[in-house]
Each structure stands twice: as C-alpha cells, then as structure tokens.
>>> print(open('input-v2.txt').read())   # compact mmCIF, C-alpha atoms and all ligand atoms
# COMPACT_ATOMS: atom_id res chain seq x y z
CA MET A 358 48.29 -12.21 3.25
CA ASP A 359 45.05 -12.20 1.31
CA ASP A 360 43.98 -9.45 -1.03
CA LYS A 361 41.82 -7.68 1.55
CA GLU A 362 44.67 -7.50 4.05
CA LEU A 363 47.06 -6.24 1.40
CA GLN A 364 44.54 -3.56 0.41
CA ASN A 365 44.16 -2.47 4.01
CA ARG A 366 47.87 -2.35 4.64
CA PHE A 367 48.34 -0.35 1.45
CA GLN A 368 45.68 2.20 2.39
CA ALA A 369 47.13 2.49 5.91
CA GLN A 370 50.52 3.25 4.39
CA VAL A 371 48.99 5.91 2.14
CA ASP A 372 47.03 7.42 5.04
CA ALA A 373 50.22 7.61 7.12
CA GLU A 374 51.89 9.57 4.27
CA ILE A 375 54.40 6.77 3.68
CA LYS A 376 55.41 6.83 0.02
CA ILE A 377 54.65 3.84 -2.18
CA GLU A 378 57.75 2.57 -4.00
CA PRO A 379 58.00 0.45 -7.19
CA LYS A 380 58.56 -2.88 -5.44
CA ASP A 381 55.71 -2.43 -2.94
CA TRP A 382 52.44 -4.27 -3.33
CA MET A 383 49.78 -1.95 -4.81
CA PRO A 384 46.22 -2.45 -6.05
CA ASP A 385 46.01 -3.00 -9.82
CA ALA A 386 43.74 -0.01 -10.21
CA TYR A 387 46.26 2.23 -8.38
CA ARG A 388 48.97 1.08 -10.80
CA LYS A 389 46.69 1.62 -13.81
CA THR A 390 45.57 5.07 -12.67
CA LEU A 391 49.17 6.13 -12.15
CA ILE A 392 50.28 4.79 -15.53
CA ARG A 393 47.45 6.70 -17.19
CA GLN A 394 48.06 9.94 -15.31
CA MET A 395 51.88 9.88 -15.46
CA SER A 396 52.06 8.95 -19.14
CA GLN A 397 49.51 11.65 -19.99
CA HIS A 398 51.59 14.08 -18.00
CA ALA A 399 54.74 13.00 -19.89
CA HIS A 400 52.98 13.32 -23.25
CA SER A 401 51.86 16.83 -22.30
CA GLU A 402 55.46 17.90 -21.66
CA ILE A 403 56.53 16.57 -25.06
CA VAL A 404 53.57 17.79 -27.11
CA GLY A 405 53.84 21.09 -25.21
CA MET A 406 57.15 21.70 -26.95
CA LEU A 407 55.37 22.03 -30.32
CA PRO A 408 53.35 25.26 -29.99
CA GLU A 409 56.40 27.06 -28.58
CA GLY A 410 58.74 25.51 -31.14
CA ASN A 411 56.67 27.38 -33.70
CA TRP A 412 58.27 30.66 -32.54
CA VAL A 413 61.91 29.74 -31.95
CA THR A 414 63.12 30.97 -35.32
CA ARG A 415 60.98 34.10 -35.10
CA ALA A 416 61.79 35.24 -31.56
CA PRO A 417 62.29 39.02 -31.59
CA THR A 418 65.83 39.01 -30.15
CA LEU A 419 68.69 36.56 -29.75
CA LYS A 420 68.23 36.69 -25.98
CA ARG A 421 64.53 35.76 -26.22
CA LYS A 422 65.42 32.99 -28.63
CA ALA A 423 68.04 31.49 -26.31
CA ILE A 424 65.61 31.67 -23.37
CA LEU A 425 62.81 30.03 -25.34
CA LEU A 426 65.13 27.25 -26.50
CA ALA A 427 66.22 26.59 -22.92
CA LYS A 428 62.61 26.52 -21.79
CA ILE A 429 61.59 24.06 -24.49
CA GLN A 430 64.60 21.89 -23.72
CA ASP A 431 63.47 21.78 -20.08
CA GLU A 432 60.07 20.47 -21.20
CA GLY A 433 61.81 17.66 -23.09
CA GLY A 434 63.63 16.83 -19.87
CA HIS A 435 60.35 16.86 -17.94
CA GLY A 436 58.96 14.35 -20.42
CA LEU A 437 61.93 12.10 -19.76
CA TYR A 438 61.62 12.32 -15.95
CA LEU A 439 57.97 11.36 -16.19
CA TYR A 440 58.37 8.56 -18.73
CA SER A 441 61.13 7.01 -16.58
CA ALA A 442 59.00 7.32 -13.46
CA ALA A 443 56.08 5.65 -15.28
CA GLU A 444 58.36 2.85 -16.45
CA THR A 445 58.92 1.84 -12.82
CA LEU A 446 55.28 0.69 -12.88
CA GLY A 447 56.00 -1.90 -15.55
CA ILE A 448 55.01 -0.16 -18.77
CA SER A 449 57.65 0.30 -21.47
CA ARG A 450 58.61 3.57 -23.14
CA GLU A 451 57.58 2.12 -26.52
CA GLU A 452 54.09 1.26 -25.30
CA MET A 453 53.60 4.80 -24.03
CA ILE A 454 54.89 6.44 -27.23
CA GLU A 455 52.76 4.09 -29.29
CA ALA A 456 49.66 5.00 -27.24
CA LEU A 457 50.34 8.70 -27.85
CA HIS A 458 50.96 8.31 -31.57
CA SER A 459 47.92 6.13 -32.15
CA GLY A 460 45.73 8.72 -30.42
CA LYS A 461 44.82 6.29 -27.65
CA ALA A 462 46.53 8.30 -24.93
CA LYS A 463 45.59 11.86 -24.08
CA TYR A 464 47.73 14.89 -23.36
CA SER A 465 46.77 18.30 -22.05
CA SER A 466 44.21 19.83 -24.42
CA VAL A 467 45.70 23.28 -24.00
CA PHE A 468 48.40 22.36 -26.51
CA ASN A 469 45.79 21.92 -29.21
CA TYR A 470 45.44 25.69 -29.52
CA PRO A 471 47.59 27.58 -32.05
CA THR A 472 50.35 30.10 -31.29
CA LEU A 473 49.39 32.93 -33.63
CA ASN A 474 51.85 35.63 -32.58
CA TRP A 475 54.87 36.24 -30.37
CA ALA A 476 52.74 37.41 -27.44
CA ASP A 477 51.28 33.90 -27.31
CA ILE A 478 54.67 32.68 -26.09
CA GLY A 479 54.33 35.11 -23.20
CA ALA A 480 50.79 33.98 -22.46
CA ILE A 481 51.81 30.32 -22.54
CA GLY A 482 54.70 30.81 -20.12
CA TRP A 483 52.70 32.93 -17.71
CA LEU A 484 49.34 31.13 -17.85
CA VAL A 485 49.91 27.59 -19.14
CA ASP A 486 53.11 27.00 -17.20
CA GLY A 487 51.55 28.88 -14.29
CA ALA A 488 48.59 26.51 -14.25
CA ALA A 489 50.90 23.52 -14.66
CA ILE A 490 52.95 24.70 -11.67
CA MET A 491 49.83 24.96 -9.51
CA ASN A 492 49.06 21.35 -10.34
CA GLN A 493 52.63 20.11 -10.04
CA VAL A 494 53.33 21.77 -6.70
CA ALA A 495 50.39 19.81 -5.27
CA LEU A 496 51.70 16.64 -6.92
CA MET A 497 55.06 16.89 -5.15
CA ARG A 498 53.12 15.30 -2.27
CA THR A 499 51.63 12.51 -4.37
CA SER A 500 51.76 9.05 -2.80
CA TYR A 501 53.90 7.32 -5.43
CA GLY A 502 57.60 7.92 -4.68
CA PRO A 503 59.05 8.11 -8.21
CA TYR A 504 56.25 10.46 -9.34
CA SER A 505 56.71 12.68 -6.31
CA ARG A 506 60.48 12.92 -6.81
CA GLY A 507 59.99 13.72 -10.49
CA MET A 508 57.63 16.52 -9.51
CA VAL A 509 60.15 18.03 -7.09
CA ARG A 510 62.75 18.14 -9.86
CA ILE A 511 60.26 19.58 -12.36
CA CYS A 512 58.95 22.27 -10.00
CA LYS A 513 62.50 23.53 -9.43
CA GLU A 514 62.80 24.13 -13.15
CA GLU A 515 59.32 25.48 -13.81
CA SER A 516 59.37 28.82 -12.09
CA PHE A 517 61.69 30.32 -14.68
CA HIS A 518 59.18 29.26 -17.35
CA GLN A 519 56.41 31.29 -15.81
CA ARG A 520 58.63 34.28 -15.18
CA GLN A 521 59.98 34.40 -18.73
CA GLY A 522 56.38 34.37 -20.00
CA PHE A 523 55.35 37.15 -17.66
CA ASP A 524 58.45 39.10 -18.69
CA ILE A 525 57.45 38.88 -22.36
CA LEU A 526 53.95 40.19 -21.63
CA TYR A 527 55.21 42.85 -19.23
CA THR A 528 57.57 44.17 -21.91
CA LEU A 529 54.84 44.16 -24.56
CA SER A 530 52.29 45.76 -22.26
CA ARG A 531 54.62 48.74 -21.74
CA GLY A 532 55.49 49.01 -25.41
CA SER A 533 53.61 50.66 -28.27
CA ALA A 534 49.82 50.61 -28.46
CA GLU A 535 50.16 47.90 -31.07
CA GLN A 536 52.34 45.75 -28.83
CA LYS A 537 49.97 46.17 -25.92
CA ALA A 538 47.06 45.14 -28.14
CA MET A 539 49.03 42.09 -29.20
CA ALA A 540 49.52 41.07 -25.55
CA GLN A 541 45.82 41.64 -24.82
CA ASP A 542 44.82 39.55 -27.83
CA ALA A 543 47.03 36.66 -26.68
CA LEU A 544 45.52 36.87 -23.21
CA ASN A 545 42.00 36.84 -24.62
CA ARG A 546 42.71 33.61 -26.45
CA TRP A 547 44.73 31.79 -23.76
CA TRP A 548 42.82 32.60 -20.57
CA TRP A 549 39.98 30.13 -20.94
CA PRO A 550 42.06 27.23 -22.28
CA SER A 551 44.39 27.77 -19.29
CA ILE A 552 41.69 27.50 -16.67
CA MET A 553 40.27 24.50 -18.52
CA MET A 554 43.61 22.78 -17.84
CA PHE A 555 42.39 21.86 -14.36
CA GLY A 556 39.78 19.61 -15.90
CA PRO A 557 36.07 19.11 -15.28
CA HIS A 558 34.33 20.20 -12.07
CA ASP A 559 34.91 17.87 -9.14
CA SER A 560 31.28 16.77 -9.39
CA GLU A 561 31.86 15.65 -13.01
CA SER A 562 35.33 14.19 -12.66
CA THR A 563 35.27 10.40 -13.01
CA HIS A 564 38.51 9.39 -11.29
CA SER A 565 38.81 12.18 -8.77
CA SER A 566 37.51 10.74 -5.51
CA GLN A 567 39.43 7.47 -5.73
CA SER A 568 42.59 9.37 -6.70
CA MET A 569 42.15 11.62 -3.68
CA LYS A 570 41.69 8.62 -1.41
CA TRP A 571 44.90 7.08 -2.75
CA LYS A 572 46.57 10.49 -2.45
CA ILE A 573 47.61 10.34 -6.09
CA LYS A 574 45.87 13.71 -6.32
CA ARG A 575 46.29 16.01 -3.36
CA LYS A 576 43.98 18.84 -4.39
CA SER A 577 40.82 18.65 -6.43
CA ASN A 578 40.37 20.22 -9.89
CA ASP A 579 38.16 23.01 -8.56
CA GLU A 580 40.49 23.83 -5.64
CA LEU A 581 43.48 24.07 -7.95
CA ARG A 582 41.57 26.21 -10.45
CA GLN A 583 40.52 28.61 -7.69
CA ASP A 584 44.09 28.81 -6.37
CA PHE A 585 45.34 29.60 -9.85
CA ILE A 586 42.78 32.30 -10.52
CA ASP A 587 43.37 33.92 -7.12
CA ALA A 588 47.11 34.02 -7.78
CA THR A 589 46.83 35.24 -11.37
CA VAL A 590 44.30 38.08 -11.27
CA PRO A 591 46.58 40.46 -9.28
CA GLN A 592 49.40 39.72 -11.74
CA ALA A 593 47.14 40.65 -14.65
CA GLU A 594 46.53 43.97 -12.91
CA VAL A 595 50.29 44.60 -12.79
CA LEU A 596 50.39 43.94 -16.53
CA GLY A 597 47.57 46.42 -17.01
CA LEU A 598 45.75 43.88 -19.16
CA SER A 599 42.23 42.62 -18.69
CA LEU A 600 41.12 39.02 -18.36
CA PRO A 601 38.30 38.07 -20.75
CA ASP A 602 35.71 37.15 -18.12
CA PRO A 603 33.08 39.78 -17.23
CA GLU A 604 32.06 37.75 -14.16
CA LEU A 605 35.52 37.79 -12.67
CA LYS A 606 35.43 39.73 -9.40
CA TRP A 607 36.63 39.53 -5.81
CA ASN A 608 34.18 37.97 -3.40
CA GLU A 609 34.81 39.46 0.03
CA GLU A 610 32.78 36.80 1.79
CA ARG A 611 34.50 33.82 0.18
CA GLN A 612 37.88 35.57 0.13
CA HIS A 613 38.27 34.28 -3.42
CA TYR A 614 37.62 35.51 -6.93
CA ASP A 615 34.31 34.52 -8.49
CA PHE A 616 34.50 33.67 -12.16
CA GLY A 617 32.28 32.75 -15.09
CA GLU A 618 31.38 29.28 -16.31
CA ILE A 619 33.77 27.49 -18.63
CA ASN A 620 32.51 26.55 -22.07
CA TRP A 621 32.37 22.80 -21.42
CA GLU A 622 31.19 22.04 -24.91
CA GLU A 623 34.44 23.44 -26.26
CA PHE A 624 36.40 21.63 -23.54
CA TRP A 625 35.00 18.19 -24.44
CA SER A 626 35.24 18.81 -28.15
CA VAL A 627 39.00 19.52 -27.86
CA VAL A 628 39.48 16.51 -25.55
CA LYS A 629 37.77 14.33 -28.13
CA GLY A 630 40.21 15.41 -30.82
CA ASN A 631 38.43 18.29 -32.52
CA GLY A 632 40.47 21.25 -31.29
CA PRO A 633 42.12 23.60 -33.76
CA CYS A 634 45.46 21.72 -33.75
CA ASN A 635 44.86 18.13 -32.52
CA ARG A 636 45.65 16.54 -35.87
CA GLU A 637 48.61 18.80 -36.56
CA ARG A 638 50.19 18.05 -33.15
CA LEU A 639 49.96 14.28 -33.53
CA ALA A 640 51.21 14.44 -37.09
CA ALA A 641 54.21 16.51 -35.93
CA ARG A 642 54.97 14.01 -33.17
CA ARG A 643 54.83 11.04 -35.53
CA LYS A 644 56.96 12.83 -38.10
CA ALA A 645 59.61 13.70 -35.51
CA TYR A 646 59.65 10.09 -34.30
CA ASP A 647 59.88 8.58 -37.77
CA GLU A 648 62.48 11.03 -38.99
CA GLY A 649 64.55 10.33 -35.88
CA ALA A 650 64.62 6.59 -36.59
CA TRP A 651 67.98 6.77 -38.36
CA VAL A 652 69.53 8.48 -35.33
CA ARG A 653 68.36 5.68 -33.06
CA GLU A 654 69.58 3.07 -35.53
CA ALA A 655 72.97 4.78 -35.84
CA ALA A 656 73.33 4.94 -32.05
CA SER A 657 72.56 1.23 -31.74
CA ALA A 658 74.96 0.35 -34.56
CA TYR A 659 77.72 2.48 -33.03
CA ALA A 660 77.27 0.87 -29.61
CA LYS A 661 77.33 -2.59 -31.17
CA LYS A 662 80.47 -1.89 -33.17
CA LYS A 663 82.29 -0.51 -30.17
CA LYS A 664 81.35 -3.54 -28.10
CA GLU A 665 82.67 -5.87 -30.79
CA GLN A 666 85.91 -3.91 -30.95
CA THR A 667 86.38 -4.18 -27.18
CA ILE A 668 85.83 -7.92 -27.32
CA ALA A 669 88.16 -8.34 -30.30
CA GLY A 670 90.87 -6.10 -28.79
CA MET B 727 61.26 0.16 -37.91
CA SER B 728 63.81 0.19 -35.15
CA THR B 729 62.94 1.68 -31.80
CA ASN B 730 65.15 1.97 -28.76
CA GLN B 731 63.68 -1.25 -27.42
CA ASP B 732 67.13 -2.79 -27.24
CA TRP B 733 68.58 0.13 -25.32
CA PRO B 734 69.20 -0.73 -21.70
CA LEU B 735 67.96 1.39 -18.81
CA TRP B 736 70.63 3.31 -16.87
CA GLU B 737 70.40 4.78 -13.38
CA VAL B 738 72.01 8.20 -13.02
CA PHE B 739 73.95 9.39 -9.98
CA ILE B 740 75.28 12.89 -9.44
CA ALA B 741 77.81 14.33 -7.01
CA ALA B 742 76.92 17.98 -6.54
CA LYS B 743 80.53 18.84 -5.69
CA ARG B 744 83.85 17.11 -5.57
CA GLY B 745 84.13 15.40 -2.19
CA LEU B 746 80.42 14.69 -1.80
CA SER B 747 78.89 11.28 -2.40
CA HIS B 748 76.93 10.49 -5.55
CA LYS B 749 73.17 10.60 -5.22
CA HIS B 750 70.58 8.86 -7.38
CA VAL B 751 68.63 11.35 -9.51
CA GLY B 752 66.76 9.30 -12.09
CA SER B 753 67.18 7.06 -15.10
CA LEU B 754 67.29 7.02 -18.88
CA HIS B 755 67.69 4.70 -21.85
CA ALA B 756 70.86 4.76 -23.94
CA ALA B 757 72.67 2.44 -26.33
CA ASP B 758 75.93 2.41 -24.34
CA SER B 759 77.65 3.94 -21.33
CA GLU B 760 79.20 6.80 -23.29
CA MET B 761 75.85 7.95 -24.67
CA ALA B 762 74.23 7.34 -21.30
CA LEU B 763 76.71 9.76 -19.73
CA GLU B 764 76.15 12.40 -22.40
CA ASN B 765 72.37 12.09 -22.17
CA ALA B 766 72.54 12.24 -18.38
CA ARG B 767 74.58 15.44 -18.66
CA ASP B 768 71.98 16.94 -20.99
CA VAL B 769 68.92 16.08 -18.93
CA TYR B 770 70.11 16.03 -15.32
CA THR B 771 72.77 18.75 -15.13
CA ARG B 772 71.39 21.65 -17.16
CA ARG B 773 71.72 23.91 -14.14
CA LYS B 774 75.14 22.84 -12.88
CA GLU B 775 73.60 20.27 -10.56
CA GLY B 776 76.82 18.33 -10.41
CA GLU B 777 80.54 17.98 -10.99
CA SER B 778 80.60 14.23 -11.40
CA LEU B 779 78.25 11.74 -13.01
CA TRP B 780 77.88 7.98 -12.71
CA VAL B 781 75.66 5.80 -14.84
CA VAL B 782 74.96 2.18 -13.92
CA GLN B 783 72.84 -0.25 -15.88
CA SER B 784 69.69 -0.78 -13.84
CA LYS B 785 69.98 -4.55 -14.15
CA TYR B 786 73.12 -4.46 -12.01
CA ILE B 787 71.36 -2.88 -9.07
CA PHE B 788 70.08 -5.36 -6.51
CA ALA B 789 67.57 -3.98 -4.07
CA SER B 790 66.34 -5.22 -0.71
CA ASN B 791 62.77 -6.40 -0.62
CA PRO B 792 60.39 -4.02 1.20
CA GLU B 793 58.16 -6.99 2.11
CA GLU B 794 61.01 -8.32 4.25
CA ASN B 795 61.98 -5.04 5.87
CA ASP B 796 61.03 -6.07 9.38
CA ALA B 797 63.26 -9.12 9.45
CA PHE B 798 65.97 -7.68 7.25
CA PHE B 799 66.59 -4.54 9.30
CA GLU B 800 65.79 -6.18 12.63
CA PRO B 801 69.42 -6.27 13.87
CA ALA B 802 69.52 -2.46 14.10
CA LYS B 803 66.24 -2.07 15.90
CA ASN B 804 66.97 -2.71 19.57
CA LYS B 805 70.42 -1.28 19.86
CA VAL B 806 69.74 2.20 21.15
CA TYR B 807 73.12 2.08 22.93
CA ARG B 808 74.72 2.68 19.54
CA HIS B 809 73.59 6.28 19.75
CA PRO B 810 75.46 8.80 21.90
CA THR B 811 72.20 10.10 23.35
CA PHE B 812 71.76 6.76 25.15
CA TYR B 813 74.41 7.79 27.68
CA GLU B 814 73.85 10.27 30.43
CA LEU B 815 76.96 12.21 31.25
CA PRO B 816 77.61 13.59 34.74
CA ASP B 817 77.13 17.36 34.86
CA GLU B 818 80.79 17.84 35.69
CA VAL B 819 81.68 16.77 32.17
CA LYS B 820 81.21 19.93 30.16
CA LYS B 821 82.11 18.63 26.77
CA MET B 822 82.56 15.21 25.16
FE FE C 1 57.20 21.15 -17.83
FE FE C 2 57.22 24.47 -18.17
>>> encode(input="input-v2.txt", output="structure tokens", more="lines below")
Ligand SMILES: [Fe+2]
Ligand SMILES: [Fe+2]
Amino acid sequence: MDDKELQNRFQAQVDAEIKIEPKDWMPDAYRKTLIRQMSQHAHSEIVGMLPEGNWVTRAPTLKRKAILLAKIQDEGGHGLYLYSAAETLGISREEMIEALHSGKAKYSSVFNYPTLNWADIGAIGWLVDGAAIMNQVALMRTSYGPYSRGMVRICKEESFHQRQGFDILYTLSRGSAEQKAMAQDALNRWWWPSIMMFGPHDSESTHSSQSMKWKIKRKSNDELRQDFIDATVPQAEVLGLSLPDPELKWNEERQHYDFGEINWEEFWSVVKGNGPCNRERLAARRKAYDEGAWVREAASAYAKKKKEQTIAG
Amino acid sequence: MSTNQDWPLWEVFIAAKRGLSHKHVGSLHAADSEMALENARDVYTRRKEGESLWVVQSKYIFASNPEENDAFFEPAKNKVYRHPTFYELPDEVKKM
C-alpha cells in the first residue's frame, strides 16, 4: 500500500470510531501530536502535585491531611498511566522526563500559580480538577486506544478530587467571616487561571482542527470552556461566593453563560515561562529527581544481587 | 547519573475477585518482579480494584499483527453455525 492509501485507510478507521492501537500504521504527525499532548498531560499530573504538596503538612485536620495525601498520590498515578500510554508510541520515559526538566516540554500553566492559603487547596480541587475532568471526560473518546483507556481509569478517580475541593470551600464558606473571606480570596485568584486551562480560542489554536479531524480531541477549547463555566456557576451560588467576572451572566437566548474576555497577555506570559512559579516548579522537579537517584540505584543493585543469588543457588 | 533506563517494562493484570480471570490494566517500569508487583499494587489497586495481581515482562508478550487480521482471523468468519442462533427450533420445543 502506498502512503496515500495508508492515510485514507487510517482516516476511514478514525471516522468509523475504530480505535487506533500501538501496532497500527499511523501518520507521523498523528504520532507526534499524541506524544506531545500525552506527555504534556503526564507532566501536568506530576507538576500538579507540587502546589498541593505545599499544604500537606499544614492541613487543618488529620482527616483533611489524609484526604489531600490520597488525592496527590492519585495524581502521581495519573502521571504513570499517561507516561506508559505515551511510551507505546515509541518514546522512552527518560526522553519525556528530560524534556520536562530541560524546559522543552510544557505542562498546564495553571500549576505555575502559588498556593497562598488553605482555601487554595479547595479552589484547586473544585476548579482546577473540575476543569481537568471536563477535558478528560471528552478525551475518554479519543481515537488512540491506550490514551482513551488511560482516560477512563483517570476519570474514575477524579471525581473525588473535585468533591473534596468543593467540600473544603463549602466548609469555609459557612464558617467565620474570616474563613469565608479566605475562600472568596482563593476563588478570586483561581477562577481565571482555571478557565485559561482550556487554552486559546479555537480561532487561535494552532493544532486544533487537525486534532479534531483525527479525533485526538473530541471537543474544542471554547466548547469545553463553555461547558465548564455552565456547570460551575450554579455550584458557586451554592457556596454563596462570587466569581470574579462582572460580565458573567446567563444568556437566555444562547442557553449558556456569557463571560468576560481572558487576559491573553497573562496567559501567554505564563506559557512562555514567566508565571509566578515556573522556575520554582521546575527546580522542585529536578531536585526530586536528582535526590531520588540513590533510590533508583539501590533498586537496580538489589535486583541485580538477587538475580545473581538465584543463578548461584 | 543512573536513571531507570535499565528497568524493564512490565504489563499488569488484575483479577477483580477470586474466580475471575485476570485483565490487563496497564504497565510500569520496575527493576524486578517483586518491585513490579509492589508498584502495581500501589498504582493500580488503590481502590481495591483487585484480589490478585500478575506482572509479566512486556518482552514476553507476543501479539498478533493487526495488518494481517483479515487472513489471521479468517477461519472464524464464515462459520455462523457455531452460534446457537443459527438453528431454528420447532415451536413445540419450549426450552433448550
Ligand atoms: Fe489527575
Ligand atoms: Fe485530579
């Protein structure tokens, strides 16, 4: 079969909703796009552990601490599912880690904002995980089999993340005036970064239309953002907190919420590495990796010794 | 500096309950089978997903080639009579 025929057969398979599996023929650009998107997604899970890790030792109760630890551990697991799924495309784990640590690979910009107080942990769970869920639910139907299966597993685990965040804010919002103000402050700072998570407008998004054609993406950035806002505004009302967007209001005609324009200057500046915590996050990742080297060496040495003993015995 | 470059890839299989067959759930890198099992427990069974775990080094799994599916699975294609629905039972037979 020549290249054109292979391309056609591939697209027909995608159009018929037949999943693409690792050993199938696929266009180079499809493979490259997936490697970029899946490794970025994996990096986001791992880097996403850092802002929350900041509050583990200062959680207000033992119960909250145990919950937060379990949530962060889940994110580590999500990173693993995604790295393994990306490896089926022929890239090694080391190459991906190296790309993250050298700053070549991106991860979700939202994790470049600081967690200033405990209420931020609530805002992250409710909004950041909430936005991630919106994206990941759509990705369960992505065309690449290993990615899709990873998403199914991740989505099963995610809903507790959003609920524990909402629960933190709900508790604070019914507490003292000071606690309520703390929740409102967290919301003010996390709302815009959360809706930026869906990326640039469809009209500005470089890879979007090809990714939609290949069914790597199933919903566009703007569709997902609208879905998220529509789902979240009523929940904010239950919390009795306000969202920091004066233009946010229900549009009867569209049957959707209208909302204000995102500060794209800020968005691109954080993407390019100039957010409040970009340097700190990468430095923390590198430090964790370097300081874990002895553990990896010890594991290898132990495995080697045991193997030698089995052979000798 | 050492990385886990020399750690083989393991495929993880879980049986949700005793008596059920093991199902593939994903993969991970580990230095040996013992650590592979422990890591698999930590990442794939945090919510009691299973009561039994298998890990198999990926290099020992041999897969059929999707390019050859038509020929490879051909023998099963035209044998509808292997399915019970192929046979029409007389009405008098109430149950079979
Ligand atoms: Fe996650
Ligand atoms: Fe999460």
>>> residues_around(input="input-v2.txt", residues="stretch 792-807 of chain B", least_positions_apart="5", cutoff="8 Å", atoms="all atoms listed in the file", output="list of chain:residue names")
A:Lys380, A:Asp381, B:Phe812, B:Tyr813
>>> residues_around(input="input-v2.txt", residues="stretch 433-438 of chain A", least_positions_apart="3", cutoff="7 Å", atoms="only C-alpha atoms", output="VMD selection string")
(chain A and resid 399 to 400 402 to 403 429 to 430 441 to 442 507 511) or (chain B and resid 769)
>>> interface_residues(input="input-v2.txt", of="chain A", to="chain B", cutoff="10 Å", atoms="only C-alpha atoms", output="short mmCIF file (atom, residue, chain, number, x, y, z; two decimals) with C-alpha atoms, in the coordinates of the input")
data_model
loop_
_atom_site.label_atom_id
_atom_site.label_comp_id
_atom_site.auth_asym_id
_atom_site.auth_seq_id
_atom_site.Cartn_x
_atom_site.Cartn_y
_atom_site.Cartn_z
CA GLU A 378 57.75 2.57 -4.00
CA PRO A 379 58.00 0.45 -7.19
CA LYS A 380 58.56 -2.88 -5.44
CA ASP A 381 55.71 -2.43 -2.94
CA TRP A 382 52.44 -4.27 -3.33
CA ALA A 427 66.22 26.59 -22.92
CA GLN A 430 64.60 21.89 -23.72
CA ASP A 431 63.47 21.78 -20.08
CA GLY A 433 61.81 17.66 -23.09
CA GLY A 434 63.63 16.83 -19.87
CA HIS A 435 60.35 16.86 -17.94
CA LEU A 437 61.93 12.10 -19.76
CA TYR A 438 61.62 12.32 -15.95
CA LEU A 439 57.97 11.36 -16.19
CA TYR A 440 58.37 8.56 -18.73
CA SER A 441 61.13 7.01 -16.58
CA ALA A 442 59.00 7.32 -13.46
CA GLU A 444 58.36 2.85 -16.45
CA SER A 449 57.65 0.30 -21.47
CA ARG A 450 58.61 3.57 -23.14
CA GLU A 451 57.58 2.12 -26.52
CA PRO A 503 59.05 8.11 -8.21
CA ARG A 506 60.48 12.92 -6.81
CA GLY A 507 59.99 13.72 -10.49
CA ARG A 510 62.75 18.14 -9.86
CA GLU A 514 62.80 24.13 -13.15
CA TYR A 646 59.65 10.09 -34.30
CA ASP A 647 59.88 8.58 -37.77
CA GLY A 649 64.55 10.33 -35.88
CA ALA A 650 64.62 6.59 -36.59
CA TRP A 651 67.98 6.77 -38.36
CA ARG A 653 68.36 5.68 -33.06
CA GLU A 654 69.58 3.07 -35.53
CA ALA A 655 72.97 4.78 -35.84
CA ALA A 656 73.33 4.94 -32.05
CA SER A 657 72.56 1.23 -31.74
CA ALA A 658 74.96 0.35 -34.56
CA TYR A 659 77.72 2.48 -33.03
CA ALA A 660 77.27 0.87 -29.61
CA LYS A 661 77.33 -2.59 -31.17
CA LYS A 663 82.29 -0.51 -30.17
CA LYS A 664 81.35 -3.54 -28.10
#
>>> residues_near_ligand(input="input-v2.txt", ligand="ligand FE 2 (chain C)", cutoff="10 Å", atoms="all atoms listed in the file", output="list in words")
Glu402, Gly405, Met406, Lys428, Ile429, Gln430, Asp431, Glu432, Gly433, His435, Ile481, Gly482, Trp483, Val485, Asp486, Gly487, Ala488, Ala489, Ile490, Ile511, Cys512, Glu514, Glu515, Ser516, Phe517, His518 and Gln519 of chain A
>>> closest_residue(input="input-v2.txt", among="A:Ile375, A:Pro384, A:Leu363, A:Lys513", to="ligand FE 1 (chain C)", atoms="all atoms listed in the file")
A:Lys513
>>> atom_distance(input="input-v2.txt", atom1="atom CA of A:Arg575", atom2="atom CA of A:Val371")
11.8 Å
>>> atom_distance(input="input-v2.txt", atom1="atom CA of A:Lys574", atom2="atom CA of A:Ile619")
22.1 Å
>>> residues_around(input="input-v2.txt", residues="A:Lys629", least_positions_apart="4", cutoff="12 Å", atoms="all atoms listed in the file", output="VMD selection string")
chain A and resid 460 to 466 469 622 to 625 633 635 to 636
>>> closest_residue(input="input-v2.txt", among="A:Asn492, A:Arg388, A:His458, A:Arg421", to="ligand FE 1 (chain C)", atoms="all atoms listed in the file")
A:Asn492
>>> closest_residue(input="input-v2.txt", among="B:His750, B:Ile787, B:Lys820, B:Trp736", to="B:Asn765", atoms="only C-alpha atoms")
B:Trp736
>>> closest_residue(input="input-v2.txt", among="A:Arg642, A:His398, A:His564, A:Lys420", to="ligand FE 1 (chain C)", atoms="all atoms listed in the file")
A:His398
>>> atom_distance(input="input-v2.txt", atom1="atom CA of A:Ala480", atom2="atom CA of A:Trp547")
6.6 Å
>>> closest_residue(input="input-v2.txt", among="B:Pro816, B:Gly776, B:Pro734, B:Pro810", to="B:Leu746", atoms="all atoms listed in the file")
B:Gly776
>>> decode(input="input-v2.txt", residues="stretch 494-512 of chain A", atoms="C-alpha atoms", output="mmCIF file, in the first residue's frame")
data_model
loop_
_atom_site.group_PDB
_atom_site.id
_atom_site.type_symbol
_atom_site.label_atom_id
_atom_site.label_comp_id
_atom_site.auth_asym_id
_atom_site.auth_seq_id
_atom_site.Cartn_x
_atom_site.Cartn_y
_atom_site.Cartn_z
ATOM 1 C CA VAL A 494 -14.230 13.128 30.062
ATOM 2 C CA ALA A 495 -14.152 14.264 26.421
ATOM 3 C CA LEU A 496 -10.803 12.523 25.957
ATOM 4 C CA MET A 497 -12.199 9.152 27.027
ATOM 5 C CA ARG A 498 -13.430 9.048 23.408
ATOM 6 C CA THR A 499 -10.074 9.975 21.894
ATOM 7 C CA SER A 500 -9.027 7.883 18.894
ATOM 8 C CA TYR A 501 -5.832 6.393 20.330
ATOM 9 C CA GLY A 502 -6.670 3.262 22.347
ATOM 10 C CA PRO A 503 -4.060 3.452 25.133
ATOM 11 C CA TYR A 504 -4.810 7.164 25.716
ATOM 12 C CA SER A 505 -8.538 6.525 25.814
ATOM 13 C CA ARG A 506 -8.184 3.652 28.296
ATOM 14 C CA GLY A 507 -5.914 5.773 30.484
ATOM 15 C CA MET A 508 -8.556 8.495 30.500
ATOM 16 C CA VAL A 509 -11.288 6.082 31.588
ATOM 17 C CA ARG A 510 -9.165 4.999 34.540
ATOM 18 C CA ILE A 511 -8.278 8.597 35.427
ATOM 19 C CA CYS A 512 -11.854 9.874 35.212
#
